[in-house]
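A.B. asks: To be precise about what I am sending: the file is called upload_37.txt and holds compact mmCIF, C-alpha atoms.
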# COMPACT_ATOMS: atom_id res chain seq x y z
CA MET A 1 -34.03 63.94 28.48
CA ASN A 2 -36.36 64.53 31.38
CA CYS A 3 -35.84 68.14 32.50
CA LYS A 4 -38.47 70.30 34.16
CA ASN A 5 -36.81 73.67 34.62
CA ASP A 6 -35.22 75.47 31.67
CA ASN A 7 -32.99 77.70 33.78
CA ILE A 8 -31.62 74.76 35.77
CA THR A 9 -31.21 72.74 32.57
CA LEU A 10 -29.13 75.52 31.03
CA LEU A 11 -26.97 75.73 34.16
CA ASP A 12 -26.48 71.96 34.11
CA ILE A 13 -25.48 72.10 30.45
CA LEU A 14 -22.97 74.87 31.06
CA ASP A 15 -21.68 73.23 34.22
CA GLY A 16 -21.33 69.96 32.35
CA VAL A 17 -19.74 71.05 29.11
CA LEU A 18 -17.52 73.87 30.31
CA ASP A 19 -15.53 71.82 32.73
CA LYS A 20 -16.40 68.16 32.42
CA GLY A 21 -16.01 65.54 29.75
CA VAL A 22 -13.10 63.55 28.46
CA VAL A 23 -9.70 65.21 28.27
CA ILE A 24 -7.42 62.92 26.35
CA THR A 25 -4.09 64.66 26.28
CA GLY A 26 -2.04 67.78 26.65
CA ASP A 27 -1.75 68.11 22.88
CA LEU A 28 -5.01 69.99 22.80
CA ILE A 29 -4.30 73.52 21.75
CA LEU A 30 -6.95 74.83 24.10
CA SER A 31 -8.81 73.31 26.96
CA ILE A 32 -11.00 75.30 29.28
CA ALA A 33 -10.10 73.77 32.59
CA ASP A 34 -10.78 76.58 35.02
CA ILE A 35 -13.96 75.75 36.93
CA ASP A 36 -14.10 79.31 38.29
CA LEU A 37 -14.94 80.46 34.79
CA VAL A 38 -18.25 78.64 35.05
CA TYR A 39 -19.22 80.17 38.34
CA VAL A 40 -17.98 83.65 37.53
CA ASN A 41 -19.71 83.77 34.19
CA ILE A 42 -22.73 81.65 34.93
CA SER A 43 -24.95 84.54 36.04
CA LEU A 44 -23.67 86.62 33.12
CA LEU A 45 -24.62 83.80 30.79
CA VAL A 46 -28.07 83.46 32.31
CA THR A 47 -28.52 87.22 32.03
CA ALA A 48 -27.43 87.08 28.38
CA VAL A 49 -29.93 84.30 27.72
CA GLU A 50 -32.71 86.20 29.45
CA SER A 51 -32.03 89.37 27.45
CA MET A 52 -32.00 87.40 24.21
CA HIS A 53 -35.31 85.84 25.25
CA ASP A 54 -36.79 89.25 26.17
CA ARG A 55 -35.61 90.76 22.88
CA ARG A 56 -37.19 87.90 20.96
CA ILE A 57 -40.52 88.43 22.72
CA ASN A 58 -40.34 92.18 22.06
CA ASN A 59 -39.57 91.60 18.38
CA VAL A 60 -42.49 89.23 18.07
CA SER A 61 -44.80 91.71 19.80
CA GLU A 62 -43.64 94.58 17.61
CA SER A 63 -44.25 92.59 14.45
CA GLY A 64 -47.83 91.93 15.59
CA ASN A 65 -47.41 88.20 15.94
CA SER A 66 -47.77 87.98 19.68
CA ARG A 67 -50.32 85.61 21.09
CA GLU A 68 -51.95 85.81 24.47
CA ASN A 69 -52.40 82.66 26.47
CA MET B 1 -6.15 72.06 9.62
CA SER B 2 -7.48 72.14 13.18
CA ILE B 3 -10.47 70.13 14.31
CA TYR B 4 -13.14 70.38 16.98
CA LEU B 5 -13.72 67.13 18.86
CA TYR B 6 -17.20 66.33 20.21
CA GLY B 7 -16.58 62.88 21.64
CA LEU B 8 -15.76 59.22 21.21
CA LEU B 9 -17.80 56.10 20.52
CA PRO B 10 -17.06 52.37 20.22
CA THR B 11 -16.28 51.60 16.57
CA ASN B 12 -18.31 48.35 16.59
CA GLN B 13 -21.50 50.34 17.29
CA LEU B 14 -21.26 51.85 13.79
CA GLU B 15 -22.31 48.45 12.40
CA ASP B 16 -25.80 48.75 13.91
CA SER B 17 -26.14 52.51 13.58
CA PRO B 18 -24.29 54.00 10.60
CA PHE B 19 -22.83 57.47 11.20
CA SER B 20 -24.99 60.49 10.39
CA GLU B 21 -23.46 63.93 9.92
CA VAL B 22 -24.96 66.97 11.63
CA LYS B 23 -24.14 70.68 11.64
CA GLY B 24 -20.70 71.41 13.09
CA ILE B 25 -19.57 74.32 15.26
CA ASP B 26 -18.00 76.05 12.22
CA LEU B 27 -18.93 75.78 8.51
CA ASP B 28 -18.25 72.07 8.03
CA LYS B 29 -20.55 69.25 9.08
CA THR B 30 -19.42 66.58 11.54
CA SER B 31 -17.23 63.67 10.36
CA PHE B 32 -15.80 60.60 12.03
CA GLU B 33 -12.36 59.09 12.30
CA ILE B 34 -11.81 55.44 13.19
CA VAL B 35 -8.73 54.52 15.21
CA GLU B 36 -9.08 50.79 15.90
CA LYS B 37 -11.84 50.29 18.51
CA VAL B 38 -12.41 54.00 19.07
CA THR B 39 -14.21 56.37 16.71
CA ALA B 40 -13.94 60.12 17.13
CA VAL B 41 -16.67 62.55 16.06
CA PHE B 42 -15.31 65.93 15.00
CA CYS B 43 -15.60 68.78 12.51
CA TYR B 44 -12.98 70.83 10.69
CA LEU B 45 -12.37 74.42 11.74
CA ARG B 46 -11.21 77.59 10.05
CA GLU B 47 -8.02 78.85 11.68
CA GLU B 48 -9.16 82.49 11.52
CA GLU B 49 -12.29 81.68 13.54
CA PHE B 50 -10.98 79.04 15.94
CA GLY B 51 -7.25 79.73 16.36
CA GLU B 52 -6.08 79.69 19.98
CA SER B 53 -5.94 83.47 20.46
CA VAL B 54 -9.29 84.03 18.70
CA LEU B 55 -10.89 81.30 20.79
CA LYS B 56 -9.60 82.77 24.02
CA GLU B 57 -11.21 86.09 23.11
CA LYS B 58 -14.48 84.37 22.27
CA MET B 59 -14.52 82.61 25.64
CA ASP B 60 -14.88 86.04 27.25
CA ASN B 61 -18.10 86.63 25.35
CA PRO B 62 -20.98 85.05 27.34
CA LYS B 63 -23.34 85.06 24.35
CA TRP B 64 -20.83 83.20 22.19
CA VAL B 65 -20.11 80.71 24.99
CA HIS B 66 -23.80 80.14 25.63
CA LYS B 67 -24.67 79.60 21.97
CA ASN B 68 -21.81 77.25 21.29
CA ALA B 69 -21.94 75.39 24.62
CA VAL B 70 -25.57 74.59 23.85
CA HIS B 71 -24.56 73.50 20.31
CA HIS B 72 -21.83 71.28 21.84
CA HIS B 73 -24.37 69.74 24.24
CA GLU B 74 -27.05 69.24 21.58
CA THR B 75 -24.57 67.55 19.23
CA ILE B 76 -23.47 65.23 22.04
CA VAL B 77 -27.11 64.44 22.89
CA THR B 78 -27.75 63.60 19.21
CA TYR B 79 -24.93 61.06 19.14
CA SER B 80 -25.71 59.74 22.64
CA LYS B 81 -29.11 58.59 21.32
CA ASN B 82 -27.44 56.02 19.04
CA TYR B 83 -24.11 55.28 20.68
CA LEU B 84 -22.33 54.92 23.98
CA PHE B 85 -20.85 58.37 23.59
CA LEU B 86 -18.04 59.85 25.69
CA PRO B 87 -18.46 63.63 25.52
CA THR B 88 -15.43 65.90 25.42
CA LYS B 89 -15.11 69.13 27.27
CA PHE B 90 -16.38 72.26 25.46
CA CYS B 91 -13.82 73.69 23.01
CA THR B 92 -11.61 70.64 22.74
CA VAL B 93 -9.64 71.65 19.68
CA TYR B 94 -6.80 69.69 18.04
CA SER B 95 -4.23 71.27 15.78
CA SER B 96 -4.65 68.42 13.26
CA ILE B 97 -6.40 65.11 12.69
CA GLU B 98 -2.98 63.40 12.90
CA LYS B 99 -2.54 64.66 16.47
CA LEU B 100 -5.92 63.22 17.40
CA ARG B 101 -5.05 59.87 15.80
CA GLU B 102 -1.81 59.71 17.80
CA ASP B 103 -3.65 60.36 21.05
CA LEU B 104 -6.41 57.88 20.35
CA SER B 105 -3.78 55.21 19.62
CA GLN B 106 -1.94 55.96 22.84
CA GLU B 107 -5.08 56.06 25.00
CA GLN B 108 -6.83 53.21 23.20
CA LEU B 109 -6.88 50.81 26.19
CA ASN B 110 -8.08 53.43 28.67
CA ILE B 111 -10.86 54.58 26.37
CA VAL B 112 -12.03 51.04 25.64
CA SER B 113 -12.01 50.33 29.38
CA LEU B 114 -14.16 53.45 29.93
CA PHE B 115 -16.62 52.20 27.28
CA GLU B 116 -16.91 48.97 29.27
CA GLN B 117 -17.42 50.77 32.57
CA LEU B 118 -20.23 52.92 31.17
CA ARG B 119 -22.03 50.26 29.14
CA GLU B 120 -25.76 50.06 30.05
CA LYS B 121 -25.37 52.95 32.50
CA GLU B 122 -26.96 56.39 32.71
CA GLU B 123 -25.98 59.70 34.31
CA TRP B 124 -28.67 61.52 36.33
CA ASN B 125 -28.64 64.81 38.24
CA VAL B 126 -30.26 65.12 41.66
CA LYS B 127 -31.00 68.48 43.23
CA MET B 128 -32.65 69.32 46.53
CA TYR B 129 -34.03 72.69 47.67
CA TYR B 130 -35.82 73.89 50.79
CA ASP B 131 -38.66 76.30 51.26
CA ARG B 132 -37.53 78.33 54.28
CA SER B 133 -40.92 79.48 55.54
CA LYS B 134 -42.44 76.02 55.22
CA LEU B 135 -39.54 74.40 57.10
CA PHE B 136 -39.61 76.98 59.90
CA LYS B 137 -43.38 76.68 60.32
CA HIS B 138 -43.01 72.93 60.53
CA MET B 139 -40.26 73.20 63.12
CA GLU B 140 -42.21 75.70 65.22
CA ARG B 141 -45.09 73.25 65.31
CA HIS B 142 -43.00 70.18 66.10
CA SER B 143 -39.95 71.27 68.10
CA LYS B 144 -40.44 70.51 71.79
CA VAL B 145 -37.78 73.01 72.84
CA ILE B 146 -39.54 75.78 70.93
CA GLN B 147 -42.92 74.78 72.36
CA ASN B 148 -41.52 74.83 75.91
CA MET B 149 -40.07 78.27 75.24
CA ASN B 150 -43.49 79.45 74.04
CA ASP B 151 -45.00 78.28 77.33
CA ASP B 152 -42.29 80.08 79.31
CA LEU B 153 -42.79 83.27 77.27
CA LYS B 154 -46.34 83.70 78.56
CA ILE B 155 -45.24 84.26 82.16
CA LEU B 156 -42.31 86.57 81.42
CA SER B 157 -42.17 90.37 81.55
CA PRO B 158 -42.18 92.19 78.12
CA GLY B 159 -38.46 92.94 78.47
CA LYS B 160 -37.53 89.34 79.13
CA GLN B 161 -39.90 88.22 76.39
CA PHE B 162 -37.94 90.30 73.89
CA PHE B 163 -34.66 88.54 74.72
CA MET B 164 -36.34 85.16 74.94
CA LYS B 165 -37.85 85.62 71.45
CA LYS B 166 -34.44 86.58 70.08
CA LYS B 167 -32.97 83.44 71.63
CA GLN B 168 -35.85 81.41 70.23
CA THR B 169 -35.22 82.71 66.68
CA GLN B 170 -31.54 81.79 66.93
CA LEU B 171 -32.42 78.36 68.28
CA LEU B 172 -34.86 77.79 65.45
CA GLU B 173 -32.21 78.79 62.93
CA ASN B 174 -29.69 76.36 64.47
CA GLU B 175 -32.22 73.54 64.56
CA ALA B 176 -33.17 74.19 60.93
CA GLN B 177 -29.53 74.08 59.82
CA THR B 178 -28.99 70.81 61.72
CA GLU B 179 -32.13 69.35 60.16
CA LEU B 180 -31.04 70.40 56.66
CA ARG B 181 -27.60 68.82 57.18
CA LEU B 182 -29.26 65.57 58.28
CA ILE B 183 -31.62 65.55 55.30
CA SER B 184 -28.75 66.23 52.86
CA GLN B 185 -26.70 63.49 54.51
CA SER B 186 -29.65 61.13 54.28
CA MET B 187 -30.00 61.86 50.54
CA ASP B 188 -26.27 61.36 50.07
CA ASN B 189 -26.38 57.99 51.87
CA THR B 190 -29.42 56.93 49.84
CA LEU B 191 -27.64 57.72 46.59
CA ILE B 192 -24.35 56.14 47.67
CA ASN B 193 -26.19 52.89 48.45
CA LEU B 194 -28.41 53.00 45.39
CA THR B 195 -26.08 54.11 42.61
CA LEU B 196 -22.81 52.98 41.05
CA GLY B 197 -21.26 56.37 41.70
CA ASN B 198 -22.37 59.68 43.18
CA LYS B 199 -20.54 62.99 42.81
CA THR B 200 -21.70 65.92 44.90
CA ARG B 201 -21.28 69.36 43.37
CA GLU B 202 -21.42 72.97 44.59
CA ASN B 203 -24.87 74.23 45.52
CA TRP B 204 -25.98 77.06 43.26
CA SER B 205 -27.11 80.42 44.61
CA ARG B 206 -30.58 81.85 44.07
CA ASN B 207 -28.99 84.35 41.65
CA ALA B 208 -27.85 81.51 39.45
CA THR B 209 -31.00 79.39 39.66
CA GLY B 210 -33.47 82.29 39.61
CA ARG B 211 -35.62 80.46 42.15
CA ASN B 212 -36.98 81.62 45.49
CA VAL B 213 -35.86 78.49 47.34
CA ASP B 214 -32.32 77.59 48.43
CA MET B 215 -30.43 74.68 46.96
CA ILE B 216 -29.12 72.33 49.65
CA TYR B 217 -27.94 69.39 47.59
CA ASN B 218 -26.57 69.05 44.05
CA SER B 219 -25.15 65.82 42.74
CA THR B 220 -24.68 63.59 39.73
CA SER B 221 -25.24 59.86 39.91
CA LEU B 222 -24.28 56.98 37.71
CA ILE B 223 -26.97 54.29 37.65
CA SER B 224 -27.41 51.07 35.74
CA LYS B 225 -30.32 51.11 33.30
CA ASP B 226 -31.75 48.10 35.13
CA SER B 227 -32.08 50.02 38.40
CA LYS B 228 -33.68 53.16 36.94
CA LYS B 229 -37.16 52.32 38.24
CA LYS B 230 -35.79 51.63 41.72
CA PHE B 231 -33.89 54.95 41.58
CA GLU B 232 -37.04 56.86 40.62
CA LEU B 233 -39.07 55.08 43.30
CA LEU B 234 -36.60 55.87 46.08
CA ILE B 235 -36.46 59.52 45.02
CA LYS B 236 -40.27 59.60 45.06
CA GLU B 237 -40.32 58.12 48.57
CA PHE B 238 -37.71 60.61 49.77
CA ARG B 239 -39.74 63.46 48.27
CA GLN B 240 -42.91 62.31 50.05
CA LYS B 241 -41.13 61.78 53.37
CA TYR B 242 -39.81 65.34 53.55
CA ALA B 243 -42.47 67.30 51.62
CA ASP B 244 -44.04 68.62 54.85
CA LYS B 245 -40.72 70.17 55.80
CA GLY B 246 -40.62 72.16 52.56
CA ILE B 247 -38.03 69.91 50.92
CA ILE B 248 -38.15 69.79 47.11
CA VAL B 249 -36.31 67.01 45.28
CA GLU B 250 -35.80 67.14 41.51
CA ILE B 251 -34.06 64.73 39.19
CA SER B 252 -33.13 65.12 35.52
CA GLY B 253 -31.60 62.77 33.01
CA PRO B 254 -30.30 60.78 31.40
CA TRP B 255 -27.46 63.25 30.73
CA PRO B 256 -24.41 62.65 28.55
CA PHE B 257 -21.59 61.24 30.68
CA TYR B 258 -20.19 64.67 31.55
CA HIS B 259 -19.17 63.70 35.07
CA PHE B 260 -18.32 60.03 34.68
CA ALA B 261 -16.44 59.98 31.36
CA SER B 262 -13.02 60.75 32.76
CA LEU B 263 -9.77 59.07 31.90
CA ASP B 264 -7.50 58.40 34.89
CA SER B 265 -4.41 59.07 32.84
CA LYS B 266 -5.63 62.43 31.62
CA LYS B 267 -3.09 65.19 31.26
CA THR B 268 -4.15 68.84 31.17
Take the structure from the file and write it as structure tokens.
C.D. replies:
Amino acid sequence: MNCKNDNITLLDILDGVLDKGVVITGDLILSIADIDLVYVNISLLVTAVESMHDRRINNVSESGNSREN
Amino acid sequence: MSIYLYGLLPTNQLEDSPFSEVKGIDLDKTSFEIVEKVTAVFCYLREEEFGESVLKEKMDNPKWVHKNAVHHHETIVTYSKNYLFLPTKFCTVYSSIEKLREDLSQEQLNIVSLFEQLREKEEWNVKMYYDRSKLFKHMERHSKVIQNMNDDLKILSPGKQFFMKKKQTQLLENEAQTELRLISQSMDNTLINLTLGNKTRENWSRNATGRNVDMIYNSTSLISKDSKKKFELLIKEFRQKYADKGIIVEISGPWPFYHFASLDSKKT
């Protein structure tokens, strides 16, 4: 897939999979249909991703494996 | 035993590309279930981890949603490489494989028709942003009304200049908004004429995108594989035409058919 911006790609993934896609029937025991969920939580999700990313960088630095560009 | 459904593919495509299992969302790997012309890709779930009430709690945890939504997407991308794959919505869980079989039998014709509609097609995202300072500088240089006001300003008293400048700022803002509407409309018309389907979506805020430019257009297009080069060329031309005005156009794809794999008869 041709994607330039990681943040936008993540938002597109979440926007795509959280509300779109085939829904076959009402027999599903759970289906997340509320689009508001995406927009309410989307910044929370991005924040969660960023903190995970920051933690990973910190862990790498602390273990002495960091590399300067 | 409940199952997690990733998506559907045409059964006849298994002849050319035999099914490969990958890691599932729970402990089990993915499997497939053939119901006539439709094959479902799924994995089995443990009730204690994916029961309805447990799942609802997990959906409130952004880290869990992020991790598993990305897993859902990556699994779909894996299968989309080999098959015409209809992705399901995140967390599509069936109480049993029998329930899924019943549904696939009932919806067989609609699903096969969707396979036909999406054959040799691709889904692409188009986003447009604008750089405010670049657009305003461009408009100040090129707007005749603003230039006339600048000429008038020179002969006015300081007090009148103050009010005139305020009026000029408001005018510039209005002109910029009109220009942005026209550019967005022009992009929309271009895509409507060029593609097989175009769905506009909400623009995302700077908070969501983390960028210092504002999104003014966000859409998903369905294009035929044959017209991909033409699509890329027209986007390139559009980009060049409006670059001086601070307009940024970005495309990404091909994406799984998140926006175009919808069954008309769907019940929620």
A.B. asks: Considering only C-alpha atoms, state which residue in the set B:Val112, B:Leu194, B:Val22, B:Leu172 is at the smallest distance from Lys230 of chain B.
C.D. replies: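 The closest residue to Lys230 of chain B is B:Leu194.
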A.B. asks: Residues of chain B no more than 6 Å from chain A, counting all atoms listed in the file: send them over as a list in words.
C.D. replies: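 Every residue of chain B that passes the 6 Å test is in Pro62, Pro87, Thr88, Lys89, Phe90, Thr92, Val93, Tyr94, Ala208, Ser252, Gly253, Pro254, Tyr258, His259, Ala261, Ser262, Lys266, Lys267 and Thr268 of chain B.
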A.B. asks: With C-alpha atoms kept, could you save the residues just selected as a tab-separated table (two decimals), in the coordinates of the input?
C.D. replies:
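That gives us result18.tsv:
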chain	number	residue	atom	x	y	z
B	62	PRO	CA	-20.98	85.05	27.34
B	87	PRO	CA	-18.46	63.63	25.52
B	88	THR	CA	-15.43	65.90	25.42
B	89	LYS	CA	-15.11	69.13	27.27
B	90	PHE	CA	-16.38	72.26	25.46
B	92	THR	CA	-11.61	70.64	22.74
B	93	VAL	CA	-9.64	71.65	19.68
B	94	TYR	CA	-6.80	69.69	18.04
B	208	ALA	CA	-27.85	81.51	39.45
B	252	SER	CA	-33.13	65.12	35.52
B	253	GLY	CA	-31.60	62.77	33.01
B	254	PRO	CA	-30.30	60.78	31.40
B	258	TYR	CA	-20.19	64.67	31.55
B	259	HIS	CA	-19.17	63.70	35.07
B	261	ALA	CA	-16.44	59.98	31.36
B	262	SER	CA	-13.02	60.75	32.76
B	266	LYS	CA	-5.63	62.43	31.62
B	267	LYS	CA	-3.09	65.19	31.26
B	268	THR	CA	-4.15	68.84	31.17
A.B. asks: What does the distance between atom CA of Thr75 of chain B and atom CA of Leu109 of chain B come to in Å, to one decimal place?
C.D. replies: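 About the pair atom CA of Thr75 of chain B and atom CA of Leu109 of chain B: they are 25.3 Å apart.
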A.B. asks: Could you work out how far atom CA of Lys144 of chain B lies from atom CA of Val213 of chain B, giving the answer in Å with one decimal?
C.D. replies: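 The value is 26.1 Å.
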A.B. asks: When distances are computed from only C-alpha atoms, which of B:Ile216, B:Ala243, B:Leu233, B:Val41 shows the smallest separation from Ile97 of chain B?
C.D. replies: B:Val41
A.B. asks: If we draw a sphere of 12 Å around (-22.1, 49.3, 15.4), which residues have at least one atom in it when counting all atoms listed in the file? Please report them as a ChimeraX atom specification.
C.D. replies: /B:9-19,37-39,82-84
A.B. asks: Determine the axis-aligned bounding box of all atoms of segment 152-166 of chain B present in the file, pad each side by 3 Å, and express its centre and edge lengths in Å to one decimal place as AutoDock Vina command-line options.
C.D. replies:
--center_x -40.4 --center_y 86.5 --center_z 76.1 --size_x 17.9 --size_y 18.9 --size_z 18.1
A.B. asks: Calculate how many Å separate atom CA of Met59 of chain B from atom CA of Ser95 of chain B, rounding to one decimal.
C.D. replies: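 We find that atom CA of Met59 of chain B and atom CA of Ser95 of chain B lie 18.2 Å from each other.
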A.B. asks: Hey, what's within 8 Å of Leu135 of chain B if we count only C-alpha atoms and toss same-chain stuff fewer than 6 positions away? As an MDAnalysis selection string, please?
C.D. replies: chainID B and resid 176 244:247
